[in-house]
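Shown here: work06.tsv, TSV, C-alpha atoms and all ligand atoms.
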chain	number	residue	atom	x	y	z
A	407	MET	CA	26.49	5.93	-25.36
A	408	LYS	CA	24.05	8.81	-25.40
A	409	ARG	CA	21.64	9.27	-22.51
A	410	VAL	CA	18.54	11.42	-22.87
A	411	PHE	CA	16.90	13.80	-20.44
A	412	ASN	CA	13.78	11.83	-19.61
A	413	PHE	CA	10.83	13.95	-18.45
A	414	SER	CA	8.57	10.93	-17.90
A	415	ALA	CA	6.08	11.01	-15.03
A	416	GLY	CA	7.25	7.55	-13.97
A	417	PRO	CA	9.07	5.29	-14.27
A	418	SER	CA	11.56	8.08	-14.62
A	419	MET	CA	15.22	8.97	-14.50
A	420	LEU	CA	17.47	7.37	-11.93
A	421	PRO	CA	20.72	8.99	-10.79
A	422	GLU	CA	23.48	7.98	-13.16
A	423	VAL	CA	25.81	7.04	-10.31
A	424	VAL	CA	23.17	4.62	-9.05
A	425	LEU	CA	22.93	2.94	-12.43
A	426	GLN	CA	26.71	2.77	-12.67
A	427	LYS	CA	27.00	1.18	-9.25
A	428	ALA	CA	24.26	-1.32	-10.08
A	429	ALA	CA	26.06	-2.13	-13.33
A	430	ALA	CA	29.37	-2.63	-11.54
A	431	GLU	CA	27.71	-4.95	-9.03
A	432	MET	CA	25.54	-6.73	-11.59
A	433	LEU	CA	27.51	-9.97	-11.95
A	434	ASP	CA	29.12	-10.12	-8.55
A	435	TYR	CA	27.48	-8.30	-5.66
A	436	GLN	CA	30.22	-7.46	-3.16
A	437	GLY	CA	32.15	-10.70	-3.58
A	438	THR	CA	29.17	-13.03	-3.33
A	439	GLY	CA	29.70	-14.24	-6.90
A	440	GLN	CA	26.07	-13.53	-7.79
A	441	SER	CA	23.77	-10.76	-8.84
A	442	VAL	CA	21.27	-9.35	-6.34
A	443	MET	CA	18.64	-10.62	-8.78
A	444	GLU	CA	19.83	-14.18	-8.25
A	445	MET	CA	20.10	-14.06	-4.51
A	446	SER	CA	17.81	-15.79	-2.04
A	447	HIS	CA	15.83	-13.18	-0.18
A	448	ARG	CA	16.53	-15.20	2.97
A	449	SER	CA	20.32	-14.99	2.51
A	450	LYS	CA	22.58	-12.94	4.76
A	451	PRO	CA	23.68	-10.52	2.00
A	452	TYR	CA	20.07	-9.83	1.03
A	453	GLU	CA	19.03	-9.37	4.63
A	454	ALA	CA	21.70	-6.70	4.87
A	455	ILE	CA	20.30	-4.99	1.77
A	456	ILE	CA	16.69	-4.84	2.96
A	457	ASN	CA	17.66	-3.86	6.49
A	458	GLY	CA	19.97	-1.21	5.07
A	459	ALA	CA	17.15	0.10	2.88
A	460	GLU	CA	14.86	0.39	5.89
A	461	ALA	CA	17.54	2.16	7.94
A	462	LEU	CA	18.07	4.65	5.11
A	463	VAL	CA	14.33	5.29	4.77
A	464	ARG	CA	14.26	6.12	8.46
A	465	GLU	CA	17.35	8.32	8.27
A	466	VAL	CA	16.77	10.14	5.00
A	467	LEU	CA	13.03	10.66	5.41
A	468	GLY	CA	13.23	11.29	9.15
A	469	VAL	CA	10.88	8.45	10.12
A	470	SER	CA	10.84	7.80	13.86
A	471	ASP	CA	10.68	4.47	15.69
A	472	ASP	CA	6.95	5.06	16.14
A	473	TYR	CA	6.49	3.80	12.59
A	474	HIS	CA	6.70	0.53	10.72
A	475	VAL	CA	8.46	0.72	7.36
A	476	LEU	CA	7.21	-1.69	4.71
A	477	PHE	CA	8.29	-2.54	1.18
A	478	LEU	CA	5.23	-3.91	-0.58
A	479	GLN	CA	4.10	-4.75	-4.09
A	480	GLY	CA	1.09	-3.79	-6.20
A	481	GLY	CA	2.01	-0.12	-6.54
A	482	ALA	CA	0.27	2.80	-4.92
A	483	SER	CA	-2.87	1.53	-6.66
A	484	PHE	CA	-2.89	-1.53	-4.43
A	485	GLN	CA	-2.75	0.75	-1.40
A	486	PHE	CA	-5.91	2.50	-2.59
A	487	HIS	CA	-7.65	-0.77	-1.64
A	488	MET	CA	-5.49	-2.04	1.19
A	489	LEU	CA	-5.71	1.16	3.23
A	490	PRO	CA	-9.52	1.24	3.55
A	491	LEU	CA	-9.60	-2.52	4.14
A	492	ASN	CA	-7.29	-2.09	7.10
A	493	PHE	CA	-8.18	1.32	8.42
A	494	MET	CA	-11.70	2.32	7.34
A	495	THR	CA	-12.84	0.02	10.04
A	496	ILE	CA	-14.16	1.80	13.10
A	497	ASN	CA	-16.88	4.18	11.88
A	498	LYS	CA	-16.48	2.96	8.29
A	499	LYS	CA	-16.10	6.47	6.92
A	500	ALA	CA	-13.19	8.58	5.73
A	501	ASP	CA	-12.59	12.13	4.46
A	502	PHE	CA	-10.83	12.77	1.16
A	503	THR	CA	-9.75	15.82	-0.77
A	504	LEU	CA	-10.39	15.30	-4.45
A	505	THR	CA	-7.48	16.93	-6.21
A	506	GLY	CA	-6.91	14.94	-9.37
A	507	GLN	CA	-7.16	11.63	-11.10
A	508	TRP	CA	-5.09	9.65	-8.62
A	509	ALA	CA	-7.09	11.04	-5.70
A	510	GLN	CA	-10.20	10.07	-7.65
A	511	LYS	CA	-8.95	6.49	-7.95
A	512	ALA	CA	-8.26	6.39	-4.21
A	513	VAL	CA	-11.81	7.65	-3.58
A	514	GLU	CA	-13.35	5.05	-5.89
A	515	ALA	CA	-11.49	2.22	-4.16
A	516	ALA	CA	-12.42	3.38	-0.66
A	517	SER	CA	-16.07	3.93	-1.67
A	518	LYS	CA	-16.41	0.18	-2.10
A	519	LEU	CA	-15.60	-0.37	1.55
A	520	GLY	CA	-17.31	2.46	3.38
A	521	THR	CA	-18.56	6.03	3.20
A	522	VAL	CA	-16.30	8.54	1.52
A	523	ASN	CA	-16.82	12.19	2.39
A	524	ILE	CA	-15.32	14.62	-0.11
A	525	VAL	CA	-14.26	17.61	1.99
A	526	GLY	CA	-12.79	19.64	-0.86
A	527	SER	CA	-12.58	19.27	-4.61
A	528	SER	CA	-10.77	21.19	-7.34
A	529	LYS	CA	-12.57	19.44	-10.16
A	530	ASP	CA	-14.50	22.61	-11.06
A	531	LYS	CA	-11.33	24.30	-12.34
A	532	LYS	CA	-9.65	21.32	-13.97
A	533	TRP	CA	-7.73	20.48	-10.79
A	534	SER	CA	-5.64	23.63	-11.11
A	535	TYR	CA	-5.69	24.52	-7.40
A	536	LEU	CA	-5.96	22.82	-4.01
A	537	PRO	CA	-9.37	23.18	-2.38
A	538	GLU	CA	-10.19	24.54	1.02
A	539	ILE	CA	-11.28	21.83	3.44
A	540	VAL	CA	-14.93	22.17	4.41
A	541	GLY	CA	-16.99	19.82	6.56
A	542	ALA	CA	-14.25	17.54	7.86
A	543	ASP	CA	-15.65	14.88	10.17
A	544	LYS	CA	-13.92	14.44	13.52
A	545	ASP	CA	-15.23	10.87	13.61
A	546	ALA	CA	-13.76	9.92	10.24
A	547	ASP	CA	-11.53	6.85	10.44
A	548	TYR	CA	-8.92	8.79	8.50
A	549	PHE	CA	-8.33	11.76	6.23
A	550	HIS	CA	-6.68	11.08	2.87
A	551	ILE	CA	-4.75	13.47	0.65
A	552	CYS	CA	-2.74	13.03	-2.49
A	553	ASN	CA	0.36	14.98	-1.56
A	554	ASN	CA	1.48	15.67	-5.12
A	555	ASN	CA	-0.90	15.41	-8.06
A	556	THR	CA	1.28	13.92	-10.76
A	557	ILE	CA	-1.04	14.52	-13.67
A	558	GLU	CA	-2.36	17.95	-12.74
A	559	GLY	CA	0.80	19.45	-11.22
A	560	THR	CA	-0.36	20.63	-7.79
A	561	GLN	CA	1.42	19.87	-4.53
A	562	TYR	CA	0.56	20.33	-0.86
A	563	HIS	CA	3.55	22.38	0.30
A	564	SER	CA	2.14	22.37	3.80
A	565	ILE	CA	0.35	19.48	5.41
A	566	PRO	CA	-3.32	20.18	6.18
A	567	ASP	CA	-4.20	20.25	9.86
A	568	VAL	CA	-6.79	17.52	10.37
A	569	GLY	CA	-6.83	17.52	14.16
A	570	ASN	CA	-6.82	14.08	15.75
A	571	VAL	CA	-8.05	12.26	12.67
A	572	PRO	CA	-5.26	10.03	11.29
A	573	LEU	CA	-3.84	11.55	8.12
A	574	ILE	CA	-3.00	9.24	5.22
A	575	GLY	CA	-0.96	10.55	2.30
A	576	ASP	CA	-0.24	9.30	-1.19
A	577	ALA	CA	3.25	10.70	-1.69
A	578	SER	CA	4.09	8.70	-4.81
A	579	SER	CA	5.32	11.68	-6.78
A	580	GLY	CA	6.10	14.10	-3.96
A	581	ILE	CA	8.17	12.06	-1.56
A	582	LEU	CA	11.61	13.51	-0.89
A	583	SER	CA	10.98	16.48	-3.14
A	584	GLU	CA	10.92	19.15	-0.43
A	585	PRO	CA	11.02	19.29	3.37
A	586	MET	CA	8.02	17.41	4.77
A	587	ASP	CA	7.43	16.17	8.30
A	588	VAL	CA	6.43	12.58	7.65
A	589	ASN	CA	5.66	12.18	11.34
A	590	LYS	CA	2.50	14.23	10.83
A	591	PHE	CA	1.07	11.32	8.86
A	592	ALA	CA	-0.47	8.20	10.33
A	593	VAL	CA	0.31	6.42	7.06
A	594	LEU	CA	2.37	7.59	4.10
A	595	TYR	CA	2.78	5.56	0.95
A	596	ALA	CA	4.61	5.94	-2.34
A	597	GLY	CA	5.23	3.86	-5.40
A	598	ALA	CA	8.98	3.97	-5.88
A	599	GLN	CA	9.18	4.69	-9.57
A	600	LYS	CA	9.57	8.47	-9.34
A	601	ASN	CA	11.86	9.60	-6.55
A	602	LEU	CA	12.84	6.36	-4.85
A	603	GLY	CA	13.83	3.80	-7.44
A	604	PRO	CA	12.37	1.53	-10.09
A	605	SER	CA	8.78	0.33	-10.23
A	606	GLY	CA	7.87	-2.84	-8.38
A	607	VAL	CA	8.24	-1.69	-4.81
A	608	THR	CA	5.91	0.54	-2.81
A	609	LEU	CA	7.07	2.18	0.37
A	610	VAL	CA	4.44	2.22	3.13
A	611	ILE	CA	5.11	3.88	6.47
A	612	ILE	CA	2.56	3.08	9.18
A	613	ARG	CA	2.37	4.63	12.65
A	614	LYS	CA	2.41	1.78	15.12
A	615	ASP	CA	-0.81	2.75	16.93
A	616	MET	CA	-2.73	2.34	13.65
A	617	VAL	CA	-2.20	-1.41	13.82
A	618	ASP	CA	-4.84	-1.72	16.56
A	619	ARG	CA	-7.47	-0.59	14.07
A	620	ILE	CA	-6.91	-3.49	11.70
A	621	PRO	CA	-9.90	-5.83	11.90
A	622	ALA	CA	-9.58	-9.57	12.40
A	623	GLY	CA	-10.26	-11.89	9.53
A	624	LEU	CA	-8.66	-10.05	6.61
A	625	PRO	CA	-7.09	-12.25	3.94
A	626	THR	CA	-3.50	-12.81	5.03
A	627	MET	CA	-1.78	-10.93	2.20
A	628	LEU	CA	-4.13	-7.96	2.57
A	629	ASP	CA	-3.52	-7.55	6.29
A	630	PHE	CA	-0.72	-5.07	7.10
A	631	ARG	CA	0.12	-7.11	10.22
A	632	THR	CA	1.31	-9.96	8.02
A	633	HIS	CA	3.91	-7.74	6.38
A	634	ILE	CA	4.86	-6.00	9.59
A	635	GLU	CA	5.46	-9.29	11.40
A	636	ALA	CA	7.40	-10.74	8.47
A	637	LYS	CA	9.40	-7.51	7.95
A	638	SER	CA	8.19	-7.26	4.34
A	639	MET	CA	9.31	-10.84	3.69
A	640	TYR	CA	6.07	-12.81	4.07
A	641	ASN	CA	6.42	-13.62	0.40
A	642	THR	CA	9.35	-12.97	-1.90
A	643	PRO	CA	9.85	-9.21	-1.95
A	644	PRO	CA	10.80	-7.24	-5.08
A	645	CYS	CA	14.46	-7.83	-4.22
A	646	TYR	CA	16.15	-5.91	-7.00
A	647	ALA	CA	13.84	-2.89	-6.77
A	648	ILE	CA	14.55	-2.64	-3.03
A	649	TYR	CA	18.29	-2.85	-3.72
A	650	ILE	CA	18.08	0.05	-6.20
A	651	LEU	CA	15.92	2.02	-3.75
A	652	LYS	CA	18.72	1.57	-1.23
A	653	LEU	CA	21.29	2.89	-3.71
A	654	VAL	CA	19.05	5.89	-4.48
A	655	LEU	CA	18.76	6.71	-0.78
A	656	GLU	CA	22.53	6.39	-0.39
A	657	TRP	CA	22.83	8.92	-3.22
A	658	VAL	CA	20.46	11.29	-1.38
A	659	LYS	CA	22.31	10.80	1.88
A	660	ASP	CA	25.70	11.49	0.27
A	661	MET	CA	24.41	14.63	-1.39
A	662	GLY	CA	22.52	15.78	1.70
A	663	ARG	CA	18.77	16.21	1.79
A	664	ASP	CA	18.97	20.00	1.98
A	665	THR	CA	21.18	20.15	-1.10
A	666	LEU	CA	18.71	17.95	-2.96
A	667	PHE	CA	15.77	20.13	-1.93
A	668	ALA	CA	17.66	23.27	-2.99
A	669	HIS	CA	18.35	21.67	-6.41
A	670	ASN	CA	14.68	20.82	-6.79
A	671	ALA	CA	13.60	24.36	-5.95
A	672	GLU	CA	16.14	25.77	-8.41
A	673	LYS	CA	15.03	23.46	-11.24
A	674	ALA	CA	11.33	24.19	-10.74
A	675	GLU	CA	11.93	27.94	-10.44
A	676	LEU	CA	13.84	27.97	-13.69
A	677	LEU	CA	11.00	26.39	-15.61
A	678	TYR	CA	8.16	28.29	-13.89
A	679	ASN	CA	9.99	31.60	-14.37
A	680	PHE	CA	10.28	30.90	-18.04
A	681	LEU	CA	6.60	29.92	-18.28
A	682	ASP	CA	5.46	33.02	-16.39
A	683	ASN	CA	7.40	35.30	-18.73
A	684	SER	CA	6.54	33.53	-21.97
A	685	ASN	CA	4.03	34.91	-24.45
A	686	PHE	CA	3.48	31.47	-25.92
A	687	PHE	CA	3.54	28.89	-23.12
A	688	TYR	CA	1.95	29.06	-19.69
A	689	SER	CA	1.32	27.05	-16.56
A	690	PRO	CA	-2.38	26.47	-15.83
A	691	VAL	CA	-1.70	25.87	-12.12
A	692	GLU	CA	-2.26	28.36	-9.29
A	693	LYS	CA	1.13	29.67	-8.20
A	694	SER	CA	1.07	28.85	-4.50
A	695	VAL	CA	0.42	25.14	-5.06
A	696	ARG	CA	2.56	24.40	-8.08
A	697	SER	CA	4.34	21.11	-7.97
A	698	LEU	CA	8.13	20.97	-7.82
A	699	MET	CA	8.06	17.64	-9.61
A	700	ASN	CA	5.40	17.66	-12.33
A	701	ILE	CA	5.01	20.79	-14.42
A	702	PRO	CA	2.22	20.75	-16.98
A	703	PHE	CA	2.25	23.58	-19.53
A	704	ILE	CA	0.17	24.58	-22.49
A	705	THR	CA	0.43	26.98	-25.39
A	706	ARG	CA	-1.75	30.01	-25.95
A	707	VAL	CA	-2.92	28.59	-29.27
A	708	THR	CA	-6.72	28.57	-28.91
A	709	ASP	CA	-7.90	26.60	-31.95
A	710	ALA	CA	-8.10	22.96	-30.79
A	711	ASP	CA	-6.68	21.38	-33.95
A	712	ALA	CA	-3.90	23.95	-34.26
A	713	ALA	CA	-3.05	23.49	-30.56
A	714	ASP	CA	-2.91	19.75	-31.02
A	715	ALA	CA	-0.62	20.10	-34.02
A	716	ILE	CA	1.74	22.49	-32.24
A	717	ASN	CA	1.89	20.19	-29.18
A	718	LYS	CA	2.84	17.26	-31.38
A	719	LYS	CA	5.47	19.35	-33.15
A	720	PHE	CA	6.91	20.42	-29.81
A	721	VAL	CA	7.14	16.88	-28.48
A	722	LYS	CA	8.70	15.59	-31.70
A	723	GLU	CA	11.31	18.31	-31.99
A	724	ALA	CA	12.19	18.01	-28.31
A	725	GLU	CA	12.65	14.29	-28.70
A	726	ALA	CA	15.06	14.81	-31.57
A	727	LEU	CA	17.18	16.83	-29.13
A	728	GLY	CA	17.14	14.12	-26.49
A	729	LEU	CA	14.41	15.72	-24.36
A	730	VAL	CA	11.93	12.87	-24.17
A	731	ASN	CA	8.48	12.10	-22.76
A	732	LEU	CA	7.18	15.65	-22.73
A	733	ALA	CA	3.65	14.91	-23.94
A	734	GLY	CA	0.99	15.82	-21.39
A	735	HIS	CA	-1.07	13.07	-19.80
A	736	ARG	CA	-3.44	11.57	-22.36
A	737	SER	CA	-6.45	12.88	-20.43
A	738	VAL	CA	-5.13	16.44	-20.15
A	739	GLY	CA	-3.20	17.14	-23.35
A	740	GLY	CA	-0.62	19.91	-23.63
A	741	MET	CA	2.83	19.11	-22.31
A	742	ARG	CA	4.22	18.05	-18.96
A	743	ALA	CA	7.78	18.04	-17.71
A	744	SER	CA	8.36	15.75	-14.76
A	745	ILE	CA	11.57	16.84	-13.12
A	746	TYR	CA	12.08	14.35	-10.33
A	747	ASN	CA	15.13	14.26	-8.07
A	748	ALA	CA	17.36	12.50	-10.60
A	749	MET	CA	16.76	15.07	-13.35
A	750	PRO	CA	19.91	17.18	-13.51
A	751	LEU	CA	19.72	20.99	-13.66
A	752	GLU	CA	21.29	20.71	-17.14
A	753	GLY	CA	18.17	18.84	-18.29
A	754	VAL	CA	15.88	21.69	-17.24
A	755	LYS	CA	18.26	24.26	-18.75
A	756	ALA	CA	18.24	22.34	-22.03
A	757	LEU	CA	14.43	22.20	-21.96
A	758	VAL	CA	14.08	25.93	-21.30
A	759	ALA	CA	16.58	26.75	-24.06
A	760	PHE	CA	14.58	24.61	-26.48
A	761	MET	CA	11.30	26.20	-25.39
A	762	LYS	CA	12.72	29.70	-26.01
A	763	GLU	CA	13.80	28.68	-29.46
A	764	PHE	CA	10.48	26.98	-30.20
A	765	GLU	CA	8.59	30.06	-29.06
A	766	ALA	CA	10.70	32.33	-31.27
A	767	LYS	CA	9.99	30.15	-34.30
A	768	ASN	CA	6.33	29.34	-33.70
A	769	ALA	CA	4.71	32.18	-31.74
B	801	LIG	C1	0.08	10.23	-7.11
B	801	LIG	C2	0.01	8.84	-7.65
B	801	LIG	N1	-0.70	7.91	-6.98
B	801	LIG	C3	-0.80	6.66	-7.43
B	801	LIG	C4	-0.20	6.26	-8.60
B	801	LIG	C5	-0.35	4.84	-9.06
B	801	LIG	O1	0.84	4.21	-8.85
B	801	LIG	P1	1.10	2.70	-9.32
B	801	LIG	O2	1.13	2.70	-10.80
B	801	LIG	O3	2.42	2.42	-8.69
B	801	LIG	O4	0.01	1.87	-8.77
B	801	LIG	C6	0.56	7.18	-9.33
B	801	LIG	C7	1.24	6.78	-10.57
B	801	LIG	O5	1.76	7.54	-11.34
B	801	LIG	C8	0.66	8.50	-8.84
B	801	LIG	O6	1.36	9.41	-9.51

How would this structure read if it were set down as structure tokens?
Amino acid sequence: MKRVFNFSAGPSMLPEVVLQKAAAEMLDYQGTGQSVMEMSHRSKPYEAIINGAEALVREVLGVSDDYHVLFLQGGASFQFHMLPLNFMTINKKADFTLTGQWAQKAVEAASKLGTVNIVGSSKDKKWSYLPEIVGADKDADYFHICNNNTIEGTQYHSIPDVGNVPLIGDASSGILSEPMDVNKFAVLYAGAQKNLGPSGVTLVIIRKDMVDRIPAGLPTMLDFRTHIEAKSMYNTPPCYAIYILKLVLEWVKDMGRDTLFAHNAEKAELLYNFLDNSNFFYSPVEKSVRSLMNIPFITRVTDADAADAINKKFVKEAEALGLVNLAGHRSVGGMRASIYNAMPLEGVKALVAFMKEFEAKNA
């Protein structure tokens, strides 16, 4: 068996020990004689899995009892709609920073339900920085940020101070990548398929006082109260995805969060250092806000056709070496290395070694 280093932006690599454990438990989960996939979600063993997953979310992410922890479906994209439905409800307006394509999607969804105020945008420079916040409204129902911009490669390394306005964060690609006080958020949400597990489950953490803002009369499935009251089991949850998320969090807990964060910093530094010293490749992102997880890079080739050809050559040759999914997002071009928590340091070392060689041959 040969496993590749997968630099995909998501779904992405999972820790090998997690996959091994899941494989070992595939046919017979802890003596139950069945796979987790076959189990009733109302059974005792499954109850222990989902409760264990919630307990680990609280422990590993440092989520206090002031919050509800939900495992929902529909991805982060579904939350773009569900959040304004539930929380853009008092003054029917919310502030957003516009920092990339996912933030843009969140804005578009919320705009259908109320007034969106863009209080900072980095669109003018191809999303390569994080904008200053100007004109924030103290009466906004909430303030929304995209914590890590997966496509563009910027990350809020410190949480903006938005006063008493509830802060909502899309942490799909940034969750558990570096120290972050989740208790500064009123709501934090993340699709699992980057740092938490496989696709199919979305983690949503909601501060309990936010529940009072939910209007009456929402369709049952779209009302957060339904899922809070049913402990994420109003309908059949994504059972297997939650089970893998639990195994991933056990892996983080065993390693220690600080060790994980130190690994992440080391991996990102290795790649950024190479990029900053290369005469051929570079990072288009402002240094202070570079993402630890998603690292876009481009070549200094200026002719568009030649640049396109060299990018394709790079991606193809990398793939032949087992370094896969390095093409940049289709809207951006260039290359992008997503180095989520499960990417080993060896993967980044192998990438940098290949990039050095490629530069020597093609510069
Ligand atoms: C920051 C961010 N938000 C939202 C999404 C959309 O997530 P989903 O496909 O789970 O709806 C993504 C997906 O990559 C993302 O990176």

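For the pair atom CA of Pro572 of chain A and atom CA of Ile611 of chain A, the separation is 13.0 Å.
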
Check your understanding: Leaving out Lys755 of chain A and any residue of its chain fewer than 5 positions from it, which residues lie within 9 Å of it when counting all atoms listed in the file, given as a PyMOL selection string?
Key -> chain A and resi 673+676-677+750+760

Those same residues - C-alpha atoms - I'd like them written as a short mmCIF file (atom, residue, chain, number, x, y, z; two decimals), in the frame of the given file.
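Resulting contents of out_14.cif:
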data_model
loop_
_atom_site.label_atom_id
_atom_site.label_comp_id
_atom_site.auth_asym_id
_atom_site.auth_seq_id
_atom_site.Cartn_x
_atom_site.Cartn_y
_atom_site.Cartn_z
CA LYS A 673 15.03 23.46 -11.24
CA LEU A 676 13.84 27.97 -13.69
CA LEU A 677 11.00 26.39 -15.61
CA PRO A 750 19.91 17.18 -13.51
CA PHE A 760 14.58 24.61 -26.48
#

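Closest approach to ligand LIG 801 (chain B) among A:Thr438, A:Asn554, A:Asn717, A:Ser744: A:Asn554, based on all atoms listed in the file.
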
Review point. Between atom CA of Gly575 of chain A and atom CA of Phe591 of chain A, what is the spacing in Å?
Key: 6.9 Å

Exercise for review: Would you mind listing the residues within 10 Å of ligand LIG 801 (chain B), counting all atoms listed in the file, as JSON, numbers by chain?
Suggested key: {"A": [415, 416, 417, 479, 480, 481, 482, 483, 484, 485, 486, 506, 507, 508, 509, 510, 511, 512, 551, 552, 553, 554, 555, 556, 557, 558, 575, 576, 577, 578, 579, 580, 581, 595, 596, 597, 598, 599, 600, 605, 606, 607, 608, 700]}
